[in-house]
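Source file: data_4.cif (mmCIF, C-alpha atoms)
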```
data_entry
loop_
_atom_site.label_atom_id
_atom_site.label_comp_id
_atom_site.auth_asym_id
_atom_site.auth_seq_id
_atom_site.Cartn_x
_atom_site.Cartn_y
_atom_site.Cartn_z
CA MET M 20 15.15 -6.42 38.94
CA THR M 21 13.93 -9.08 36.56
CA LEU M 22 14.52 -9.13 32.82
CA PHE M 23 10.90 -9.82 31.95
CA ARG M 24 8.17 -7.87 33.64
CA LYS M 25 5.75 -9.77 35.82
CA PRO M 26 2.38 -10.52 34.25
CA SER M 27 -0.02 -7.81 35.28
CA PRO M 28 -3.03 -8.87 37.39
CA GLU M 29 -5.05 -6.33 35.41
CA PRO M 30 -6.79 -7.47 32.22
CA LEU M 31 -4.85 -6.68 29.02
CA TRP M 32 -7.39 -4.15 27.76
CA ARG M 33 -7.01 -2.09 30.93
CA ASP M 34 -3.25 -2.21 30.53
CA GLU M 35 -3.33 -1.09 26.89
CA PHE M 36 -6.18 1.42 27.17
CA SER M 37 -5.45 3.13 30.45
CA VAL M 38 -7.91 5.65 31.85
CA TYR M 39 -4.99 7.85 32.93
CA SER M 40 -3.95 10.32 30.25
CA ALA M 41 -0.30 10.25 31.43
CA ASP M 42 -0.15 6.55 30.52
CA GLU M 43 -0.85 7.26 26.84
CA LYS M 44 2.76 8.24 26.25
CA TYR M 45 3.99 4.95 27.65
CA VAL M 46 1.55 2.79 25.72
CA SER M 47 2.26 4.49 22.39
CA ARG M 48 6.03 4.29 22.91
CA ARG M 49 5.89 0.65 23.94
CA GLN M 50 3.81 -0.27 20.91
CA PHE M 51 6.05 1.66 18.53
CA SER M 52 9.11 -0.05 20.06
CA LYS M 53 7.41 -3.40 19.50
CA PHE M 54 6.90 -2.49 15.85
CA LEU M 55 10.58 -1.47 15.52
CA VAL M 56 11.78 -4.73 17.07
CA LEU M 57 9.54 -6.74 14.74
CA THR M 58 11.05 -4.83 11.80
CA SER M 59 14.49 -5.72 13.15
CA LEU M 60 13.41 -9.38 13.27
CA GLY M 61 12.32 -9.06 9.64
CA MET M 62 15.74 -7.69 8.66
CA PHE M 63 17.44 -10.56 10.49
CA ALA M 64 15.18 -13.04 8.68
CA GLY M 65 16.23 -11.40 5.40
CA ASN M 66 19.90 -11.87 6.27
CA LEU M 67 19.25 -15.51 7.18
CA TRP M 68 17.43 -16.04 3.89
CA ILE M 69 20.46 -14.70 1.97
CA LEU M 70 22.72 -17.00 4.03
CA VAL M 71 20.59 -20.07 3.28
CA ARG M 72 20.48 -19.14 -0.41
CA SER M 73 24.28 -18.86 -0.47
CA TRP M 74 24.63 -22.32 1.18
CA PHE M 75 22.46 -24.00 -1.40
CA SER M 76 23.67 -22.17 -4.48
CA ARG M 77 25.75 -24.43 -6.66
CA GLU M 78 28.28 -23.58 -9.31
CA PRO M 79 26.12 -23.20 -12.42
CA ARG M 80 26.99 -24.96 -15.64
CA PHE M 81 26.75 -22.84 -18.73
CA PRO M 82 26.25 -24.13 -22.26
CA VAL M 83 28.71 -23.39 -25.06
CA THR M 84 26.70 -21.56 -27.68
CA ALA M 85 27.65 -20.03 -31.02
CA ILE M 86 26.55 -16.41 -30.87
CA ALA M 87 27.95 -14.63 -33.93
CA HIS M 88 30.28 -14.63 -36.88
CA ALA M 89 33.25 -12.37 -36.22
CA GLU M 90 33.03 -10.76 -39.63
CA GLU M 91 29.45 -9.64 -39.22
CA ILE M 92 30.41 -7.16 -36.48
CA PRO M 93 32.51 -4.14 -37.49
CA ILE M 94 35.05 -2.66 -35.06
CA GLY M 95 33.04 -0.56 -32.62
CA GLY M 96 29.91 -2.47 -33.54
CA VAL M 97 27.61 -4.46 -31.28
CA LYS M 98 25.36 -7.47 -31.49
CA LEU M 99 22.69 -8.58 -29.05
CA PHE M 100 22.31 -12.24 -28.24
CA PRO M 101 20.50 -14.35 -25.63
CA TYR M 102 22.69 -16.25 -23.14
CA PRO M 103 22.53 -18.56 -21.20
CA THR M 104 18.72 -18.70 -21.51
CA PRO M 105 16.53 -17.06 -24.17
CA GLN M 106 15.34 -14.60 -21.48
CA ASP M 107 18.85 -13.28 -20.69
CA GLN M 108 19.83 -10.67 -23.22
CA CYS M 109 23.53 -9.93 -23.63
CA ILE M 110 25.51 -7.43 -25.63
CA LEU M 111 28.61 -8.30 -27.66
CA LEU M 112 31.07 -5.55 -28.58
CA ARG M 113 33.94 -5.64 -30.98
CA THR M 114 36.58 -3.40 -29.44
CA GLY M 115 39.40 -4.18 -31.88
CA ALA M 116 40.33 -6.33 -34.85
CA ASP M 117 40.64 -9.44 -32.67
CA THR M 118 39.09 -8.37 -29.39
CA PHE M 119 35.52 -8.95 -28.34
CA VAL M 120 33.82 -8.39 -25.01
CA ALA M 121 30.33 -9.37 -23.96
CA TYR M 122 28.22 -8.45 -20.95
CA SER M 123 24.76 -9.09 -19.67
CA GLN M 124 22.48 -6.36 -20.92
CA LYS M 125 20.67 -6.06 -17.56
CA CYS M 126 21.77 -3.05 -15.53
CA THR M 127 22.80 -4.18 -12.04
CA HIS M 128 20.77 -1.36 -10.52
CA LEU M 129 17.19 -2.06 -11.62
CA SER M 130 17.62 -4.37 -14.64
CA CYS M 131 17.03 -1.84 -17.42
CA ALA M 132 18.70 -2.74 -20.74
CA VAL M 133 22.10 -1.10 -21.17
CA PHE M 134 23.32 0.04 -24.61
CA TYR M 135 26.70 0.89 -26.08
CA SER M 136 27.48 4.58 -26.42
CA SER M 137 30.18 4.95 -29.05
CA ALA M 138 30.60 8.65 -28.21
CA ALA M 139 31.49 7.92 -24.57
CA ASN M 140 32.89 4.43 -25.33
CA ARG M 141 30.98 2.84 -22.49
CA LEU M 142 27.79 0.96 -21.75
CA GLU M 143 25.01 3.23 -20.56
CA CYS M 144 21.72 2.66 -18.81
CA PRO M 145 19.04 5.14 -19.90
CA CYS M 146 16.83 4.68 -16.82
CA HIS M 147 18.98 6.34 -14.14
CA ASN M 148 22.05 7.47 -16.13
CA GLY M 149 24.22 4.60 -14.95
CA ALA M 150 27.32 3.77 -16.99
CA PHE M 151 29.73 0.82 -17.14
CA SER M 152 33.26 0.48 -18.45
CA ILE M 153 33.64 -1.69 -21.54
CA GLN M 154 37.03 -2.92 -20.25
CA ASP M 155 35.68 -4.89 -17.28
CA GLY M 156 32.02 -3.95 -16.91
CA ALA M 157 32.67 -2.01 -13.70
CA PRO M 158 30.23 0.78 -12.83
CA VAL M 159 31.69 4.22 -13.57
CA GLN M 160 28.68 6.47 -13.10
CA GLY M 161 25.24 6.56 -11.52
CA PRO M 162 23.52 4.33 -9.00
CA PRO M 163 24.81 0.85 -10.05
CA ARG M 164 27.35 -0.53 -7.59
CA ARG M 165 28.01 -3.95 -9.09
CA ALA M 166 29.80 -4.74 -12.33
CA LEU M 167 27.86 -6.15 -15.25
CA PRO M 168 28.16 -9.95 -15.44
CA ARG M 169 30.75 -10.72 -18.10
CA ILE M 170 30.15 -13.37 -20.73
CA THR M 171 33.18 -15.53 -21.52
CA ILE M 172 33.84 -15.43 -25.25
CA ALA M 173 35.89 -17.93 -27.26
CA ARG M 174 36.73 -17.67 -30.94
CA LYS M 175 37.10 -20.62 -33.28
CA GLY M 176 37.83 -19.47 -36.79
CA ASP M 177 35.12 -17.04 -37.74
CA LEU M 178 32.69 -18.21 -35.08
CA LEU M 179 32.32 -16.65 -31.63
CA PHE M 180 31.11 -18.83 -28.77
CA ALA M 181 29.74 -17.88 -25.36
CA SER M 182 30.88 -20.36 -22.72
CA GLY M 183 30.19 -18.89 -19.28
CA VAL M 184 29.13 -16.00 -17.08
CA GLN M 185 31.48 -14.28 -14.64
CA LEU M 186 29.65 -12.34 -11.94
CA GLU M 187 32.58 -10.02 -11.28
CA GLY M 188 33.43 -8.34 -14.58
CA MET X 15 -6.96 19.62 32.60
CA ARG X 16 -3.98 17.31 32.29
CA GLN X 17 -1.56 17.23 35.19
CA PRO X 18 2.20 17.28 34.49
CA PRO X 19 3.74 13.86 35.08
CA PRO X 20 5.56 13.29 38.38
CA LEU X 21 9.38 13.47 38.33
CA GLY X 22 9.81 9.67 38.43
CA GLN X 23 7.54 9.28 35.43
CA LYS X 24 9.38 12.00 33.53
CA LYS X 25 12.72 10.25 34.07
CA GLY X 26 11.19 6.98 32.97
CA LEU X 27 9.88 8.62 29.83
CA THR X 28 13.32 10.06 29.05
CA ALA X 29 14.92 6.65 29.48
CA ILE X 30 12.32 5.07 27.20
CA ASP X 31 12.88 7.78 24.58
CA ALA X 32 16.63 7.18 24.71
CA ALA X 33 16.14 3.42 24.29
CA MET X 34 13.79 4.01 21.37
CA ALA X 35 16.29 6.32 19.68
CA LEU X 36 18.94 3.63 20.08
CA ILE X 37 16.63 1.03 18.54
CA VAL X 38 16.00 3.33 15.56
CA ILE X 39 19.76 3.81 15.03
CA LEU X 40 20.39 0.06 15.28
CA LEU X 41 17.55 -0.59 12.85
CA LEU X 42 18.99 1.83 10.30
CA VAL X 43 22.35 0.06 10.55
CA GLN X 44 20.59 -3.29 10.15
CA ILE X 45 18.67 -2.13 7.04
CA TRP X 46 21.94 -0.93 5.51
CA LEU X 47 23.52 -4.29 6.42
CA VAL X 48 20.79 -6.27 4.63
CA MET X 49 21.24 -4.14 1.51
CA ALA X 50 25.04 -4.49 1.59
CA THR X 51 24.83 -8.26 2.16
CA LEU X 52 22.40 -8.64 -0.73
CA GLU X 53 24.69 -6.64 -3.00
CA THR X 54 27.71 -8.79 -2.13
CA TYR X 55 25.64 -11.98 -2.54
CA LEU X 56 24.45 -10.90 -5.99
CA ALA X 57 28.03 -10.01 -6.92
CA GLY X 58 29.03 -13.61 -6.13
CA HIS X 59 30.97 -12.93 -2.91
CA TYR X 60 29.47 -15.54 -0.62
CA GLU X 61 32.22 -15.30 2.03
CA SER X 62 30.78 -12.20 3.71
CA VAL X 63 27.18 -13.42 3.85
CA ALA X 64 27.61 -15.42 7.09
CA ALA X 65 29.25 -12.46 8.83
CA GLY X 66 26.34 -10.26 7.75
CA ALA X 67 23.81 -12.71 9.20
CA ILE X 68 25.68 -12.98 12.52
CA ILE X 69 25.95 -9.21 12.92
CA SER X 70 22.30 -8.79 11.96
CA GLY X 71 21.35 -11.36 14.63
CA MET X 72 23.39 -9.48 17.21
CA ILE X 73 21.68 -6.22 16.28
CA PHE X 74 18.28 -7.91 16.59
CA LEU X 75 19.21 -9.24 20.05
CA ALA X 76 20.31 -5.75 21.08
CA CYS X 77 17.00 -4.30 19.86
CA PHE X 78 15.09 -7.01 21.72
CA GLY X 79 17.09 -6.29 24.87
CA LEU X 80 16.24 -2.60 24.60
CA TYR X 81 12.60 -3.51 24.12
CA LEU X 82 12.68 -5.57 27.32
CA PHE X 83 14.21 -2.57 29.04
CA ILE X 84 11.35 -0.39 27.79
CA GLU X 85 8.80 -2.96 28.99
CA ARG X 86 10.40 -3.13 32.41
CA MET X 87 10.71 0.62 32.72
CA ASP X 88 7.10 1.01 31.66
CA ALA X 89 5.99 -1.51 34.26
CA GLU X 90 8.03 0.09 37.02
CA VAL X 91 7.00 3.67 36.36
CA ARG X 92 3.33 2.86 35.95
CA LYS X 93 3.41 0.30 38.81
CA ARG X 94 1.79 -2.37 36.67
#
```
Once you've parsed the file, please lay out its structure as C-alpha coordinates.
Amino acid sequence: MTLFRKPSPEPLWRDEFSVYSADEKYVSRRQFSKFLVLTSLGMFAGNLWILVRSWFSREPRFPVTAIAHAEEIPIGGVKLFPYPTPQDQCILLRTGADTFVAYSQKCTHLSCAVFYSSAANRLECPCHNGAFSIQDGAPVQGPPRRALPRITIARKGDLLFASGVQLEG
Amino acid sequence: MRQPPPLGQKKGLTAIDAAMALIVILLLVQIWLVMATLETYLAGHYESVAAGAIISGMIFLACFGLYLFIERMDAEVRKR
(Lines of atoms letter the chains of each structure in order from A and count residues from 1; the text may use other names and numbers.)
(Lines give C-alpha, C1' and ligand atoms only; values in the text may rest on other atoms or scores of the structure.)
Protein backbone atom coordinates (compact mmCIF):
# COMPACT_ATOMS: atom_id res chain seq x y z
CA MET A 1 0.00 0.00 0.00
CA THR A 2 1.34 3.39 -0.96
CA LEU A 3 0.62 6.65 0.85
CA PHE A 4 -0.26 8.55 -2.30
CA ARG A 5 -2.53 6.99 -4.86
CA LYS A 6 -1.09 6.29 -8.28
CA PRO A 7 -2.01 8.80 -10.97
CA SER A 8 -5.03 7.49 -12.82
CA PRO A 9 -4.57 6.69 -16.52
CA GLU A 10 -8.08 8.06 -17.03
CA PRO A 11 -8.50 11.77 -17.80
CA LEU A 12 -9.36 13.90 -14.75
CA TRP A 13 -12.86 14.75 -15.98
CA ARG A 14 -13.75 11.07 -16.20
CA ASP A 15 -12.43 10.56 -12.69
CA GLU A 16 -14.41 13.46 -11.23
CA PHE A 17 -17.60 13.01 -13.27
CA SER A 18 -18.03 9.26 -13.31
CA VAL A 19 -20.78 7.70 -15.37
CA TYR A 20 -21.46 5.23 -12.55
CA SER A 21 -24.02 6.51 -10.06
CA ALA A 22 -22.37 4.59 -7.18
CA ASP A 23 -19.23 6.70 -7.67
CA GLU A 24 -21.07 9.93 -6.86
CA LYS A 25 -20.84 9.24 -3.14
CA TYR A 26 -17.08 8.85 -3.35
CA VAL A 27 -16.50 11.95 -5.43
CA SER A 28 -18.65 14.18 -3.22
CA ARG A 29 -17.02 12.86 -0.04
CA ARG A 30 -13.52 13.27 -1.43
CA GLN A 31 -14.21 16.83 -2.52
CA PHE A 32 -15.78 17.74 0.82
CA SER A 33 -12.78 16.24 2.63
CA LYS A 34 -10.51 18.35 0.44
CA PHE A 35 -12.45 21.44 1.46
CA LEU A 36 -12.16 20.48 5.16
CA VAL A 37 -8.41 19.95 4.89
CA LEU A 38 -7.99 23.31 3.15
CA THR A 39 -9.94 24.92 6.01
CA SER A 40 -7.59 23.18 8.44
CA LEU A 41 -4.65 24.64 6.49
CA GLY A 42 -6.26 28.07 6.83
CA MET A 43 -6.55 27.64 10.61
CA PHE A 44 -2.89 26.59 10.79
CA ALA A 45 -1.93 29.66 8.74
CA GLY A 46 -3.89 31.77 11.23
CA ASN A 47 -1.97 30.27 14.14
CA LEU A 48 1.33 30.90 12.32
CA TRP A 49 0.30 34.50 11.67
CA ILE A 50 -0.34 35.02 15.41
CA LEU A 51 3.06 33.43 16.16
CA VAL A 52 4.88 35.72 13.71
CA ARG A 53 3.04 38.75 15.12
CA SER A 54 4.11 37.77 18.65
CA TRP A 55 7.77 37.43 17.53
CA PHE A 56 7.85 40.89 16.02
CA SER A 57 5.82 42.72 18.64
CA ARG A 58 8.02 44.99 20.69
CA GLU A 59 7.45 46.46 24.11
CA PRO A 60 5.53 49.66 23.32
CA ARG A 61 6.58 52.98 24.76
CA PHE A 62 3.78 55.07 26.15
CA PRO A 63 3.85 58.84 26.59
CA VAL A 64 3.32 60.50 29.95
CA THR A 65 0.28 62.70 29.50
CA ALA A 66 -1.63 64.93 31.89
CA ILE A 67 -5.23 63.78 31.76
CA ALA A 68 -7.15 65.56 34.52
CA HIS A 69 -7.10 67.66 37.65
CA ALA A 70 -7.92 65.54 40.67
CA GLU A 71 -10.33 68.10 42.06
CA GLU A 72 -12.49 68.20 38.96
CA ILE A 73 -13.67 64.60 39.51
CA PRO A 74 -15.91 63.93 42.52
CA ILE A 75 -15.72 60.60 44.36
CA GLY A 76 -17.68 58.13 42.24
CA GLY A 77 -17.29 60.41 39.23
CA VAL A 78 -15.72 59.64 35.88
CA LYS A 79 -13.86 61.44 33.15
CA LEU A 80 -13.16 60.29 29.62
CA PHE A 81 -9.79 60.95 28.08
CA PRO A 82 -7.84 59.79 25.01
CA TYR A 83 -4.72 57.68 25.65
CA PRO A 84 -2.19 56.79 24.26
CA THR A 85 -3.47 58.05 20.89
CA PRO A 86 -6.42 60.40 20.23
CA GLN A 87 -8.34 57.39 18.85
CA ASP A 88 -8.10 55.35 22.09
CA GLN A 89 -10.76 56.46 24.50
CA CYS A 90 -10.23 55.67 28.18
CA ILE A 91 -12.31 56.10 31.29
CA LEU A 92 -10.98 57.49 34.57
CA LEU A 93 -12.82 56.74 37.81
CA ARG A 94 -12.36 58.25 41.20
CA THR A 95 -13.05 55.42 43.63
CA GLY A 96 -12.00 57.21 46.82
CA ALA A 97 -10.52 60.43 48.14
CA ASP A 98 -7.04 59.49 46.88
CA THR A 99 -7.69 56.53 44.63
CA PHE A 100 -8.15 56.66 40.89
CA VAL A 101 -8.38 53.87 38.35
CA ALA A 102 -8.44 54.12 34.58
CA TYR A 103 -9.22 51.59 31.87
CA SER A 104 -9.53 51.50 28.14
CA GLN A 105 -13.11 52.21 27.20
CA LYS A 106 -13.13 49.51 24.48
CA CYS A 107 -14.92 46.34 25.54
CA THR A 108 -12.64 43.34 24.99
CA HIS A 109 -15.49 41.46 23.34
CA LEU A 110 -16.40 43.57 20.31
CA SER A 111 -14.96 47.01 21.15
CA CYS A 112 -18.17 48.77 22.21
CA ALA A 113 -17.64 51.67 24.64
CA VAL A 114 -18.03 50.65 28.27
CA PHE A 115 -19.54 53.05 30.84
CA TYR A 116 -19.50 53.25 34.62
CA SER A 117 -22.64 52.06 36.38
CA SER A 118 -22.70 53.65 39.81
CA ALA A 119 -25.67 51.47 40.84
CA ALA A 120 -23.75 48.23 40.21
CA ASN A 121 -20.32 49.82 40.86
CA ARG A 122 -18.81 48.28 37.75
CA LEU A 123 -18.05 49.06 34.14
CA GLU A 124 -20.75 47.85 31.79
CA CYS A 125 -20.93 47.27 28.07
CA PRO A 126 -24.39 48.03 26.64
CA CYS A 127 -23.95 45.94 23.47
CA HIS A 128 -23.99 42.42 24.92
CA ASN A 129 -24.45 43.07 28.66
CA GLY A 130 -20.80 42.50 29.50
CA ALA A 131 -19.49 43.87 32.79
CA PHE A 132 -16.04 44.48 34.27
CA SER A 133 -14.84 44.92 37.83
CA ILE A 134 -13.56 48.39 38.69
CA GLN A 135 -10.93 46.85 41.00
CA ASP A 136 -8.86 45.20 38.26
CA GLY A 137 -10.88 45.41 35.06
CA ALA A 138 -11.57 41.66 35.04
CA PRO A 139 -14.71 40.49 33.23
CA VAL A 140 -17.48 39.57 35.68
CA GLN A 141 -20.43 39.07 33.36
CA GLY A 142 -21.31 38.45 29.73
CA PRO A 143 -19.24 37.40 26.75
CA PRO A 144 -15.94 39.27 27.40
CA ARG A 145 -13.17 36.92 28.50
CA ARG A 146 -10.25 39.33 28.75
CA ALA A 147 -9.76 42.10 31.28
CA LEU A 148 -9.93 45.71 30.17
CA PRO A 149 -6.46 47.16 29.55
CA ARG A 150 -5.55 49.21 32.61
CA ILE A 151 -4.07 52.68 32.30
CA THR A 152 -1.27 53.42 34.76
CA ILE A 153 -2.10 56.59 36.67
CA ALA A 154 0.35 58.79 38.58
CA ARG A 155 -0.55 61.81 40.67
CA LYS A 156 1.62 64.89 41.06
CA GLY A 157 -0.08 67.48 43.22
CA ASP A 158 -3.46 68.12 41.71
CA LEU A 159 -2.57 66.73 38.30
CA LEU A 160 -3.19 63.15 37.18
CA PHE A 161 -0.92 61.64 34.55
CA ALA A 162 -1.35 58.56 32.38
CA SER A 163 1.96 56.78 31.88
CA GLY A 164 1.29 53.32 30.45
CA VAL A 165 -1.11 50.56 29.46
CA GLN A 166 -1.19 47.17 31.18
CA LEU A 167 -2.87 44.50 29.09
CA GLU A 168 -3.76 42.37 32.10
CA GLY A 169 -5.84 44.53 34.43
CA MET B 1 -32.82 1.81 -11.24
CA ARG B 2 -29.78 2.20 -9.02
CA GLN B 3 -28.11 -0.98 -7.85
CA PRO B 4 -27.02 -1.28 -4.20
CA PRO B 5 -23.25 -0.97 -3.87
CA PRO B 6 -21.24 -4.18 -3.49
CA LEU B 7 -20.07 -5.13 0.01
CA GLY B 8 -16.48 -3.97 -0.59
CA GLN B 9 -17.71 -0.58 -1.71
CA LYS B 10 -20.00 -0.28 1.30
CA LYS B 11 -17.12 -0.95 3.69
CA GLY B 12 -15.00 1.57 1.85
CA LEU B 13 -17.75 4.14 2.16
CA THR B 14 -18.05 3.49 5.90
CA ALA B 15 -14.31 3.93 6.35
CA ILE B 16 -14.39 7.19 4.38
CA ASP B 17 -17.32 8.45 6.46
CA ALA B 18 -15.43 7.64 9.67
CA ALA B 19 -12.33 9.47 8.41
CA MET B 20 -14.44 12.47 7.44
CA ALA B 21 -16.09 12.56 10.87
CA LEU B 22 -12.64 12.52 12.45
CA ILE B 23 -11.51 15.39 10.23
CA VAL B 24 -14.57 17.41 11.26
CA ILE B 25 -13.83 16.81 14.97
CA LEU B 26 -10.16 17.77 14.50
CA LEU B 27 -11.21 20.88 12.60
CA LEU B 28 -13.55 21.97 15.39
CA VAL B 29 -10.72 21.56 17.90
CA GLN B 30 -8.42 23.54 15.60
CA ILE B 31 -10.95 26.40 15.23
CA TRP B 32 -11.28 26.56 19.01
CA LEU B 33 -7.47 26.55 19.28
CA VAL B 34 -7.12 29.54 16.93
CA MET B 35 -9.69 31.48 18.94
CA ALA B 36 -8.02 30.61 22.26
CA THR B 37 -4.55 31.49 20.92
CA LEU B 38 -5.81 34.82 19.62
CA GLU B 39 -7.41 35.60 22.98
CA THR B 40 -4.19 34.85 24.86
CA TYR B 41 -2.14 36.86 22.33
CA LEU B 42 -4.43 39.88 22.70
CA ALA B 43 -4.22 39.53 26.49
CA GLY B 44 -0.43 39.86 26.22
CA HIS B 45 0.48 36.24 27.04
CA TYR B 46 2.89 35.46 24.23
CA GLU B 47 4.34 32.33 25.87
CA SER B 48 1.48 30.05 24.78
CA VAL B 49 1.36 31.23 21.16
CA ALA B 50 4.15 28.92 19.94
CA ALA B 51 2.52 25.90 21.56
CA GLY B 52 -0.77 26.79 19.86
CA ALA B 53 0.93 26.98 16.46
CA ILE B 54 2.69 23.62 16.94
CA ILE B 55 -0.50 21.84 18.00
CA SER B 56 -2.40 23.45 15.13
CA GLY B 57 0.27 22.19 12.71
CA MET B 58 -0.03 18.69 14.14
CA ILE B 59 -3.81 18.79 13.73
CA PHE B 60 -3.40 19.93 10.13
CA LEU B 61 -0.97 17.06 9.45
CA ALA B 62 -3.45 14.62 10.97
CA CYS B 63 -6.24 16.02 8.76
CA PHE B 64 -3.98 15.76 5.71
CA GLY B 65 -3.11 12.18 6.62
CA LEU B 66 -6.80 11.32 6.88
CA TYR B 67 -7.38 12.96 3.52
CA LEU B 68 -4.66 10.78 1.97
CA PHE B 69 -6.37 7.79 3.53
CA ILE B 70 -9.67 8.84 1.92
CA GLU B 71 -7.94 9.29 -1.45
CA ARG B 72 -6.32 5.88 -1.22
CA MET B 73 -9.52 4.18 -0.10
CA ASP B 74 -11.40 5.88 -2.90
CA ALA B 75 -8.85 4.70 -5.44
CA GLU B 76 -8.86 1.14 -4.14
CA VAL B 77 -12.60 0.72 -3.94
CA ARG B 78 -13.27 2.27 -7.32
CA LYS B 79 -10.19 0.58 -8.87
CA ARG B 80 -8.92 3.85 -10.28
Sorted per-residue table, chain X near chain M, closest atoms and distance, 7 Å, only C-alpha atoms, as JSON lines:
```
{"residue": "X:Pro19", "atom": "CA", "partner": "M:Ala41", "partner_atom": "CA", "distance": 6.5}
{"residue": "X:Met34", "atom": "CA", "partner": "M:Ser52", "partner_atom": "CA", "distance": 6.3}
{"residue": "X:Leu41", "atom": "CA", "partner": "M:Ser59", "partner_atom": "CA", "distance": 6.0}
{"residue": "X:Gln44", "atom": "CA", "partner": "M:Met62", "partner_atom": "CA", "distance": 6.7}
{"residue": "X:Ile45", "atom": "CA", "partner": "M:Met62", "partner_atom": "CA", "distance": 6.5}
{"residue": "X:Val48", "atom": "CA", "partner": "M:Asn66", "partner_atom": "CA", "distance": 5.9}
{"residue": "X:Leu52", "atom": "CA", "partner": "M:Ile69", "partner_atom": "CA", "distance": 6.9}
{"residue": "X:Ala57", "atom": "CA", "partner": "M:Leu186", "partner_atom": "CA", "distance": 5.8}
{"residue": "X:Gly58", "atom": "CA", "partner": "M:Leu186", "partner_atom": "CA", "distance": 6.0}
{"residue": "X:Tyr60", "atom": "CA", "partner": "M:Ser73", "partner_atom": "CA", "distance": 6.2}
{"residue": "X:Val63", "atom": "CA", "partner": "M:Leu70", "partner_atom": "CA", "distance": 5.7}
{"residue": "X:Ala64", "atom": "CA", "partner": "M:Leu70", "partner_atom": "CA", "distance": 6.0}
{"residue": "X:Gly66", "atom": "CA", "partner": "M:Asn66", "partner_atom": "CA", "distance": 6.8}
{"residue": "X:Ala67", "atom": "CA", "partner": "M:Asn66", "partner_atom": "CA", "distance": 5.0}
{"residue": "X:Ser70", "atom": "CA", "partner": "M:Phe63", "partner_atom": "CA", "distance": 5.4}
{"residue": "X:Gly71", "atom": "CA", "partner": "M:Phe63", "partner_atom": "CA", "distance": 5.8}
{"residue": "X:Phe74", "atom": "CA", "partner": "M:Ser59", "partner_atom": "CA", "distance": 5.6}
{"residue": "X:Cys77", "atom": "CA", "partner": "M:Val56", "partner_atom": "CA", "distance": 5.9}
{"residue": "X:Phe78", "atom": "CA", "partner": "M:Val56", "partner_atom": "CA", "distance": 6.1}
{"residue": "X:Tyr81", "atom": "CA", "partner": "M:Ser52", "partner_atom": "CA", "distance": 6.4}
{"residue": "X:Leu82", "atom": "CA", "partner": "M:Phe23", "partner_atom": "CA", "distance": 6.5}
{"residue": "X:Ile84", "atom": "CA", "partner": "M:Arg49", "partner_atom": "CA", "distance": 6.8}
{"residue": "X:Glu85", "atom": "CA", "partner": "M:Arg24", "partner_atom": "CA", "distance": 6.8}
{"residue": "X:Arg86", "atom": "CA", "partner": "M:Arg24", "partner_atom": "CA", "distance": 5.4}
{"residue": "X:Asp88", "atom": "CA", "partner": "M:Tyr45", "partner_atom": "CA", "distance": 6.4}
{"residue": "X:Ala89", "atom": "CA", "partner": "M:Arg24", "partner_atom": "CA", "distance": 6.8}
{"residue": "X:Arg94", "atom": "CA", "partner": "M:Ser27", "partner_atom": "CA", "distance": 5.9}
```
Taking the file as I've supplied it (selection: the PyMOL selection byres ((chain X and resi 27) around 10)), which residues are included? Please answer as a short mmCIF file (atom, residue, chain, number, x, y, z; two decimals) with C-alpha atoms, keeping the file's coordinate frame.
```cif
data_model
loop_
_atom_site.label_atom_id
_atom_site.label_comp_id
_atom_site.auth_asym_id
_atom_site.auth_seq_id
_atom_site.Cartn_x
_atom_site.Cartn_y
_atom_site.Cartn_z
CA LYS M 44 2.76 8.24 26.25
CA TYR M 45 3.99 4.95 27.65
CA ARG M 48 6.03 4.29 22.91
CA PRO X 19 3.74 13.86 35.08
CA LEU X 21 9.38 13.47 38.33
CA GLY X 22 9.81 9.67 38.43
CA GLN X 23 7.54 9.28 35.43
CA LYS X 24 9.38 12.00 33.53
CA LYS X 25 12.72 10.25 34.07
CA GLY X 26 11.19 6.98 32.97
CA THR X 28 13.32 10.06 29.05
CA ALA X 29 14.92 6.65 29.48
CA ILE X 30 12.32 5.07 27.20
CA ASP X 31 12.88 7.78 24.58
CA ALA X 32 16.63 7.18 24.71
CA ALA X 33 16.14 3.42 24.29
CA ILE X 84 11.35 -0.39 27.79
CA MET X 87 10.71 0.62 32.72
CA ASP X 88 7.10 1.01 31.66
CA VAL X 91 7.00 3.67 36.36
#
```
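Residue neighbourhood of Tyr122 (chain M), excluding near-sequence residues (fewer than 4 positions): Cys109, Ile110, Pro168, Arg169 and Ile170 of chain M, at 6 Å, using all atoms listed in the file.
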**OP:** Find the residues around region 146-149 of chain M up to 10 Å (all atoms listed in the file counted), leave out those fewer than 3 positions away in its own chain, and share them as a ChimeraX atom specification.
**Re:** /M:126-133,142-143,158-164
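Rounded to one decimal, CA of Thr84 (chain M) and CA of Pro105 (chain M) lie 11.7 Å from each other.
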Original post:
Taking (26.3, -18.5, -32.6) in the file's coordinates, which residues come within 9 Å, counting only C-alpha atoms, written as a PyMOL selection string?
Top reply: chain M and resi 84-88+100+178-181
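With only C-alpha atoms as the atoms that count, the minimum distance from Gly95 (chain M) to the choices M:Val120, M:Val83, M:Cys144, M:Leu112 is reached by M:Leu112.
What separates CA of Gly176 (chain M) from CA of Ala89 (chain M) is a distance of 8.5 Å.
CA of Val97 (chain M) lies 16.5 Å from CA of Ala150 (chain M).
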